[in-house]
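**Student:** What follows is protein.txt, made up of compact mmCIF, C-alpha atoms:
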# COMPACT_ATOMS: atom_id res chain seq x y z
CA GLN Q 897 0.00 0.00 0.00
CA LYS Q 898 1.32 3.43 -0.93
CA GLU Q 899 1.75 5.91 1.89
CA VAL Q 900 -0.28 8.49 -0.03
CA GLU Q 901 -3.05 7.68 -2.50
CA GLN Q 902 -4.37 10.23 -4.97
CA ASP Q 903 -6.64 9.60 -7.93
CA PRO Q 904 -4.75 10.74 -11.05
CA GLY Q 905 -7.95 11.67 -12.88
CA PRO Q 906 -8.34 13.38 -15.24
CA LEU Q 907 -11.16 15.35 -13.65
CA SER Q 908 -13.14 17.54 -16.02
CA VAL Q 909 -15.61 20.15 -14.74
CA PRO Q 910 -17.47 23.14 -16.23
CA GLU Q 911 -16.41 26.65 -15.37
CA GLY Q 912 -17.92 27.83 -12.08
CA ALA Q 913 -18.19 24.35 -10.57
CA ILE Q 914 -16.92 23.45 -7.13
CA VAL Q 915 -13.98 21.08 -7.42
CA SER Q 916 -13.11 18.53 -4.76
CA LEU Q 917 -9.66 16.95 -4.80
CA ASN Q 918 -8.72 14.30 -2.27
CA CYS Q 919 -5.90 12.22 -0.88
CA THR Q 920 -5.82 9.40 1.61
CA TYR Q 921 -2.80 8.32 3.58
CA SER Q 922 -1.73 5.50 5.85
CA ASN Q 923 0.93 7.03 8.13
CA SER Q 924 -0.72 8.45 11.24
CA ALA Q 925 2.50 10.35 12.05
CA PHE Q 926 1.90 12.87 9.24
CA GLN Q 927 1.30 16.31 10.70
CA TYR Q 928 2.00 18.71 7.85
CA PHE Q 929 -0.25 18.70 4.82
CA MET Q 930 0.24 20.65 1.63
CA TRP Q 931 -1.35 21.13 -1.76
CA TYR Q 932 0.65 22.11 -4.81
CA ARG Q 933 -0.52 23.21 -8.26
CA GLN Q 934 1.59 22.34 -11.26
CA TYR Q 935 0.99 23.78 -14.69
CA SER Q 936 2.30 21.91 -17.68
CA ARG Q 937 6.08 22.19 -18.03
CA LYS Q 938 6.45 24.20 -14.81
CA GLY Q 939 7.60 23.44 -11.29
CA PRO Q 940 4.93 22.86 -8.61
CA GLU Q 941 3.63 25.91 -6.75
CA LEU Q 942 2.61 25.75 -3.09
CA LEU Q 943 -1.11 26.52 -2.74
CA MET Q 944 -2.07 25.58 0.78
CA TYR Q 945 -0.29 24.48 3.92
CA THR Q 946 -2.02 23.13 7.00
CA TYR Q 947 -0.78 21.69 10.25
CA SER Q 948 -2.75 18.91 11.95
CA SER Q 949 -6.55 18.66 11.53
CA GLY Q 950 -9.00 21.33 10.53
CA ASN Q 951 -9.84 23.69 7.70
CA LYS Q 952 -7.91 26.49 6.10
CA GLU Q 953 -9.32 28.93 3.60
CA ASP Q 954 -7.50 31.17 1.13
CA GLY Q 955 -9.62 32.93 -1.44
CA ARG Q 956 -11.38 30.33 -3.58
CA PHE Q 957 -9.36 27.50 -2.04
CA THR Q 958 -10.21 25.55 1.11
CA ALA Q 959 -8.02 22.78 2.50
CA GLN Q 960 -9.45 20.22 4.93
CA VAL Q 961 -7.59 17.71 7.01
CA ASP Q 962 -9.33 14.84 8.81
CA LYS Q 963 -6.63 12.98 10.69
CA SER Q 964 -9.09 10.50 12.19
CA SER Q 965 -9.98 9.31 8.70
CA LYS Q 966 -6.51 9.95 7.25
CA TYR Q 967 -8.11 12.00 4.51
CA ILE Q 968 -7.34 15.43 3.14
CA SER Q 969 -9.23 17.54 0.63
CA LEU Q 970 -8.79 20.65 -1.45
CA PHE Q 971 -11.91 22.49 -2.57
CA ILE Q 972 -11.86 25.04 -5.35
CA ARG Q 973 -14.91 27.30 -5.56
CA ASP Q 974 -16.03 29.07 -8.74
CA SER Q 975 -13.47 27.14 -10.75
CA GLN Q 976 -11.88 28.91 -13.70
CA PRO Q 977 -10.18 27.62 -16.86
CA SER Q 978 -6.94 28.99 -15.39
CA ASP Q 979 -7.30 26.45 -12.58
CA SER Q 980 -6.66 23.68 -15.11
CA ALA Q 981 -3.48 22.04 -13.84
CA THR Q 982 -2.23 19.04 -11.94
CA TYR Q 983 -2.80 19.22 -8.19
CA LEU Q 984 -0.43 17.36 -5.91
CA CYS Q 985 -1.05 16.61 -2.27
CA ALA Q 986 1.96 16.25 0.01
CA MET Q 987 2.48 15.47 3.64
CA GLY Q 988 5.25 15.11 6.17
CA THR Q 989 5.98 14.17 9.74
CA GLY Q 990 7.97 17.24 10.75
CA GLY Q 991 11.32 16.06 9.53
CA PHE Q 992 12.46 16.82 6.01
CA LYS Q 993 10.92 13.81 4.30
CA THR Q 994 7.79 14.77 2.41
CA ILE Q 995 5.63 12.26 0.57
CA PHE Q 996 3.77 13.35 -2.55
CA GLY Q 997 0.63 12.00 -4.11
CA ALA Q 998 0.63 11.07 -7.78
CA GLY Q 999 -1.26 14.26 -8.68
CA THR Q 1000 -4.76 14.79 -10.08
CA ARG Q 1001 -5.12 16.39 -13.49
CA LEU Q 1002 -7.93 18.93 -13.51
CA PHE Q 1003 -9.55 20.43 -16.60
CA VAL Q 1004 -11.97 23.33 -16.20
CA LYS Q 1005 -13.98 23.88 -19.37
CA ALA Q 1006 -15.06 27.38 -20.36
CA GLY W 1189 6.46 33.02 -0.06
CA ALA W 1190 9.90 31.52 -0.32
CA VAL W 1191 11.52 31.59 -3.74
CA VAL W 1192 13.63 28.89 -5.30
CA SER W 1193 15.37 29.62 -8.58
CA GLN W 1194 16.54 26.95 -10.97
CA HIS W 1195 18.88 27.45 -13.93
CA PRO W 1196 18.94 26.77 -16.80
CA SER W 1197 15.26 26.34 -17.58
CA ARG W 1198 16.08 24.52 -20.82
CA VAL W 1199 19.27 22.87 -21.98
CA ILE W 1200 20.16 20.74 -24.96
CA CYS W 1201 23.37 18.77 -24.86
CA LYS W 1202 25.10 16.19 -26.97
CA SER W 1203 25.18 12.57 -25.95
CA GLY W 1204 28.24 11.83 -23.84
CA THR W 1205 28.66 15.32 -22.45
CA SER W 1206 27.85 16.53 -18.94
CA VAL W 1207 25.40 19.22 -17.94
CA LYS W 1208 25.00 21.09 -14.67
CA ILE W 1209 21.73 22.41 -13.23
CA GLU W 1210 21.74 24.93 -10.40
CA CYS W 1211 19.16 25.36 -7.66
CA ARG W 1212 19.21 28.43 -5.45
CA SER W 1213 17.07 29.46 -2.51
CA LEU W 1214 16.79 33.21 -2.97
CA ASP W 1215 15.34 34.48 0.29
CA PHE W 1216 15.98 31.76 2.85
CA GLN W 1217 18.68 29.34 3.87
CA ALA W 1218 17.98 25.78 2.88
CA THR W 1219 19.92 23.16 4.78
CA THR W 1220 18.14 20.54 2.73
CA MET W 1221 17.36 20.53 -0.97
CA PHE W 1222 15.74 17.84 -3.05
CA TRP W 1223 16.12 16.80 -6.67
CA TYR W 1224 13.29 15.23 -8.62
CA ARG W 1225 12.77 13.89 -12.07
CA GLN W 1226 9.42 14.03 -13.81
CA PHE W 1227 8.36 12.34 -17.03
CA PRO W 1228 5.45 13.77 -19.05
CA LYS W 1229 2.12 13.38 -17.27
CA LYS W 1230 3.78 11.50 -14.42
CA SER W 1231 4.31 12.40 -10.82
CA LEU W 1232 7.51 13.65 -9.22
CA MET W 1233 10.15 11.02 -8.64
CA LEU W 1234 12.52 11.89 -5.82
CA MET W 1235 16.09 11.27 -6.93
CA ALA W 1236 18.11 12.46 -3.97
CA THR W 1237 18.16 14.56 -0.85
CA SER W 1238 20.95 17.09 -0.71
CA ASN W 1239 22.28 18.26 2.65
CA GLU W 1240 24.57 21.24 2.95
CA GLY W 1241 28.11 20.22 3.70
CA SER W 1242 27.57 16.48 3.42
CA LYS W 1243 27.04 13.81 0.81
CA ALA W 1244 23.66 13.52 -0.84
CA THR W 1245 21.34 10.65 -0.04
CA TYR W 1246 20.18 8.93 -3.20
CA GLU W 1247 16.93 7.04 -3.65
CA GLN W 1248 17.04 3.42 -4.63
CA GLY W 1249 17.76 2.93 -8.29
CA VAL W 1250 19.35 6.34 -8.85
CA GLU W 1251 22.96 6.16 -10.02
CA LYS W 1252 25.01 8.42 -7.80
CA ASP W 1253 27.96 8.43 -10.22
CA LYS W 1254 25.73 9.58 -13.02
CA PHE W 1255 23.77 12.21 -11.13
CA LEU W 1256 26.32 14.14 -9.10
CA ILE W 1257 24.88 16.40 -6.44
CA ASN W 1258 26.78 19.10 -4.63
CA HIS W 1259 25.33 21.29 -1.88
CA ALA W 1260 28.21 23.62 -1.15
CA SER W 1261 26.30 26.40 0.57
CA LEU W 1262 23.01 27.04 2.36
CA THR W 1263 21.56 28.60 -0.78
CA LEU W 1264 22.96 26.53 -3.65
CA SER W 1265 22.73 22.91 -4.74
CA THR W 1266 23.82 21.61 -8.13
CA LEU W 1267 22.91 18.51 -10.10
CA THR W 1268 25.35 17.37 -12.75
CA VAL W 1269 24.20 14.76 -15.24
CA THR W 1270 27.41 13.09 -16.36
CA SER W 1271 27.91 11.35 -19.70
CA ALA W 1272 24.35 12.15 -20.65
CA HIS W 1273 22.36 9.83 -22.88
CA PRO W 1274 19.05 10.41 -24.67
CA GLU W 1275 17.22 8.40 -21.99
CA ASP W 1276 18.32 11.05 -19.47
CA SER W 1277 16.14 13.57 -21.28
CA SER W 1278 13.55 14.66 -18.75
CA PHE W 1279 12.21 17.48 -16.60
CA TYR W 1280 14.40 17.95 -13.54
CA ILE W 1281 13.03 19.89 -10.58
CA CYS W 1282 14.69 20.97 -7.37
CA SER W 1283 13.07 22.01 -4.14
CA ALA W 1284 14.22 23.44 -0.86
CA SER W 1285 12.83 22.93 2.58
CA THR W 1286 12.26 25.69 5.08
CA THR W 1287 12.87 25.28 8.75
CA PRO W 1288 10.28 25.93 11.51
CA PRO W 1289 7.97 27.69 12.09
CA ASP W 1290 6.92 26.63 8.59
CA GLY W 1291 7.72 23.05 9.43
CA ASN W 1292 8.85 21.12 6.44
CA THR W 1293 7.19 23.18 3.76
CA ILE W 1294 8.79 22.56 0.42
CA TYR W 1295 9.19 25.19 -2.28
CA PHE W 1296 10.01 24.19 -5.82
CA GLY W 1297 12.15 25.65 -8.52
CA GLU W 1298 10.75 26.29 -11.97
CA GLY W 1299 12.27 23.10 -13.36
CA SER W 1300 14.85 22.41 -16.04
CA TRP W 1301 14.11 20.66 -19.31
CA LEU W 1302 17.05 18.54 -20.40
CA THR W 1303 17.18 17.21 -23.94
CA VAL W 1304 20.08 14.95 -24.86
CA VAL W 1305 20.61 14.59 -28.59
Take the structure from the file and write it as structure tokens.
**Tutor:**
Amino acid sequence: QKEVEQDPGPLSVPEGAIVSLNCTYSNSAFQYFMWYRQYSRKGPELLMYTYSSGNKEDGRFTAQVDKSSKYISLFIRDSQPSDSATYLCAMGTGGFKTIFGAGTRLFVKA
Amino acid sequence: GAVVSQHPSRVICKSGTSVKIECRSLDFQATTMFWYRQFPKKSLMLMATSNEGSKATYEQGVEKDKFLINHASLTLSTLTVTSAHPEDSSFYICSASTTPPDGNTIYFGEGSWLTVV
């Protein structure tokens, strides 16, 4: 079993839809949870960072962490074509080893 | 947010030659940097963890004599692909890790496209 599972998609939604991206994990020691956005042929860009359980909101993006279920989510409200990218979840224990999900490809259609 | 710069963004080299890619943390000191390889439409593959002042730790299956990593300062790590072959053509990305209070947040460089002809 992989430490982090993420559906690679692709996920296709119409413009304006609410997008839900998810990852599950097996290591209960993970405390830091991150979401990255990667456009084609570019390096990943940090979108959201959360520590432990709970929600964090930044503009149209909301990150949720449910440590009891070992499940994290990223919600994108009012999705735009410019949100079309690959979204990677990542998590770590507090050391320098970070585990990445495989990435979910998202397409937002105008 | 923290900025990581990677250079060059694109490089073409002849088979058998060596090419060096630089990764710099511009506004923070990074004791640890990471090097990844990514094939088209695939996820990041961690190649090695680079620690300032010590030898890099390579992931299983990565040839340390082929992919030379040097982390000479707290802001610079370099990856040298030696005796490059066409199968080494790929997207190489570096990242640097901040220290608390950001925990182990990782910031990525823009990536370097290597084409070996």
**Student:** To one decimal place, how far is atom CA of Glu941 of chain Q from atom CA of Asn1239 of chain W in Å?
**Tutor:**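 Value for the atom CA of Glu941 of chain Q-atom CA of Asn1239 of chain W distance: 22.2 Å.
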**Student:** Let me make sure I understand: among W:Thr1237, W:Thr1219, W:Thr1303, W:Ser1213, which one has the smallest atom-to-atom distance to Leu1267 of chain W if we use all atoms listed in the file?
**Tutor:**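 Going through W:Thr1237, W:Thr1219, W:Thr1303, W:Ser1213 one by one, the smallest distance to Leu1267 of chain W is for W:Thr1237.
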**Student:** Taking (7.2, 18.4, -1.8) in the coordinates of the supplied file, I want to know which residues reach to within 10 Å of it, counting all atoms listed in the file; could you give the answer as a VMD selection string?
**Tutor:** (chain Q and resid 929 to 932 940 to 942 984 to 988 992 to 997) or (chain W and resid 1222 1224 1232 1234 1282 to 1285 1292 to 1296)
**Student:** May I have the selected residues written with C-alpha atoms, as a PDB file, keeping the file's coordinate frame?
**Tutor:**
ATOM      1  CA  PHE Q 929      -0.250  18.700   4.820  1.00  0.00           C
ATOM      2  CA  MET Q 930       0.240  20.650   1.630  1.00  0.00           C
ATOM      3  CA  TRP Q 931      -1.350  21.130  -1.760  1.00  0.00           C
ATOM      4  CA  TYR Q 932       0.650  22.110  -4.810  1.00  0.00           C
ATOM      5  CA  PRO Q 940       4.930  22.860  -8.610  1.00  0.00           C
ATOM      6  CA  GLU Q 941       3.630  25.910  -6.750  1.00  0.00           C
ATOM      7  CA  LEU Q 942       2.610  25.750  -3.090  1.00  0.00           C
ATOM      8  CA  LEU Q 984      -0.430  17.360  -5.910  1.00  0.00           C
ATOM      9  CA  CYS Q 985      -1.050  16.610  -2.270  1.00  0.00           C
ATOM     10  CA  ALA Q 986       1.960  16.250   0.010  1.00  0.00           C
ATOM     11  CA  MET Q 987       2.480  15.470   3.640  1.00  0.00           C
ATOM     12  CA  GLY Q 988       5.250  15.110   6.170  1.00  0.00           C
ATOM     13  CA  PHE Q 992      12.460  16.820   6.010  1.00  0.00           C
ATOM     14  CA  LYS Q 993      10.920  13.810   4.300  1.00  0.00           C
ATOM     15  CA  THR Q 994       7.790  14.770   2.410  1.00  0.00           C
ATOM     16  CA  ILE Q 995       5.630  12.260   0.570  1.00  0.00           C
ATOM     17  CA  PHE Q 996       3.770  13.350  -2.550  1.00  0.00           C
ATOM     18  CA  GLY Q 997       0.630  12.000  -4.110  1.00  0.00           C
TER      19      GLY Q 997
ATOM     20  CA  PHE W1222      15.740  17.840  -3.050  1.00  0.00           C
ATOM     21  CA  TYR W1224      13.290  15.230  -8.620  1.00  0.00           C
ATOM     22  CA  LEU W1232       7.510  13.650  -9.220  1.00  0.00           C
ATOM     23  CA  LEU W1234      12.520  11.890  -5.820  1.00  0.00           C
ATOM     24  CA  CYS W1282      14.690  20.970  -7.370  1.00  0.00           C
ATOM     25  CA  SER W1283      13.070  22.010  -4.140  1.00  0.00           C
ATOM     26  CA  ALA W1284      14.220  23.440  -0.860  1.00  0.00           C
ATOM     27  CA  SER W1285      12.830  22.930   2.580  1.00  0.00           C
ATOM     28  CA  ASN W1292       8.850  21.120   6.440  1.00  0.00           C
ATOM     29  CA  THR W1293       7.190  23.180   3.760  1.00  0.00           C
ATOM     30  CA  ILE W1294       8.790  22.560   0.420  1.00  0.00           C
ATOM     31  CA  TYR W1295       9.190  25.190  -2.280  1.00  0.00           C
ATOM     32  CA  PHE W1296      10.010  24.190  -5.820  1.00  0.00           C
TER      33      PHE W1296
END
**Student:** Which residue out of W:Val1250, W:Phe1279, W:Ser1203, W:Leu1302 has the minimum interatomic distance to chain Q when all atoms listed in the file are used?
**Tutor:**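 Comparing W:Val1250, W:Phe1279, W:Ser1203, W:Leu1302 against chain Q, the winner is W:Phe1279.
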**Student:** Can you tell me which residues surround Lys1229 of chain W at a distance of at most 10 Å, considering all atoms listed in the file, apart from same-chain residues fewer than 2 positions away, and format the answer as an mmCIF file with C-alpha atoms, in the frame of the given file?
**Tutor:**
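Writing the result to around-v7.cif gives the following:
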data_model
loop_
_atom_site.group_PDB
_atom_site.id
_atom_site.type_symbol
_atom_site.label_atom_id
_atom_site.label_comp_id
_atom_site.auth_asym_id
_atom_site.auth_seq_id
_atom_site.Cartn_x
_atom_site.Cartn_y
_atom_site.Cartn_z
ATOM 1 C CA PRO Q 904 -4.750 10.740 -11.050
ATOM 2 C CA SER Q 936 2.300 21.910 -17.680
ATOM 3 C CA ARG Q 937 6.080 22.190 -18.030
ATOM 4 C CA THR Q 982 -2.230 19.040 -11.940
ATOM 5 C CA ALA Q 998 0.630 11.070 -7.780
ATOM 6 C CA GLY Q 999 -1.260 14.260 -8.680
ATOM 7 C CA ARG Q 1001 -5.120 16.390 -13.490
ATOM 8 C CA GLN W 1226 9.420 14.030 -13.810
ATOM 9 C CA PHE W 1227 8.360 12.340 -17.030
ATOM 10 C CA SER W 1231 4.310 12.400 -10.820
ATOM 11 C CA LEU W 1232 7.510 13.650 -9.220
#
**Student:** Identify which of the residues Q:Leu970, Q:Ala925, Q:Leu907, Q:Ala1006 lies closest to Tyr945 of chain Q, counting only C-alpha atoms when measuring atom-to-atom distances.
**Tutor:**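 Result for the nearest residue to Tyr945 of chain Q: Q:Leu970.
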**Student:** Using all atoms listed in the file, can you tell me which of Q:Gly950, Q:Gly905, Q:Pro910, Q:Gly939 comes closest to chain W?
**Tutor:** Q:Gly939
**Student:** Considering only C-alpha atoms, can you say which of W:Leu1262, W:Ala1244, W:Ala1272, W:Ile1281 comes closest to chain Q?
**Tutor:** W:Ile1281
**Student:** For atom CA of Gln1194 of chain W and atom CA of Leu1264 of chain W, determine how far apart the two atoms are, in Å to one decimal place.
**Tutor:**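 Value for the atom CA of Gln1194 of chain W-atom CA of Leu1264 of chain W distance: 9.7 Å.
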**Student:** Here is a test: counting all atoms listed in the file, which residue of W:Lys1202, W:Met1235, W:Val1304, W:Thr1266 is nearest to Gly1249 of chain W?
**Tutor:**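 Closest to Gly1249 of chain W, using all atoms listed in the file: W:Met1235.
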**Student:** One decimal, Å: what's the distance from atom CA of Trp1301 of chain W over to atom CA of Val1207 of chain W, could you say?
**Tutor:**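 Going from atom CA of Trp1301 of chain W over to atom CA of Val1207 of chain W, I get 11.5 Å.
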**Student:** List every protein, DNA or RNA residue that has an atom no more than 6 Å from (13.4, 27.9, 2.6) in the file's coordinate frame, counting all atoms listed in the file, and report them as a short mmCIF file (atom, residue, chain, number, x, y, z; two decimals) with C-alpha atoms, in the frame of the given file.
**Tutor:**
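File point.cif, as written:
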data_model
loop_
_atom_site.label_atom_id
_atom_site.label_comp_id
_atom_site.auth_asym_id
_atom_site.auth_seq_id
_atom_site.Cartn_x
_atom_site.Cartn_y
_atom_site.Cartn_z
CA ALA W 1190 9.90 31.52 -0.32
CA PHE W 1216 15.98 31.76 2.85
CA GLN W 1217 18.68 29.34 3.87
CA ALA W 1218 17.98 25.78 2.88
CA ALA W 1284 14.22 23.44 -0.86
CA SER W 1285 12.83 22.93 2.58
CA THR W 1286 12.26 25.69 5.08
#
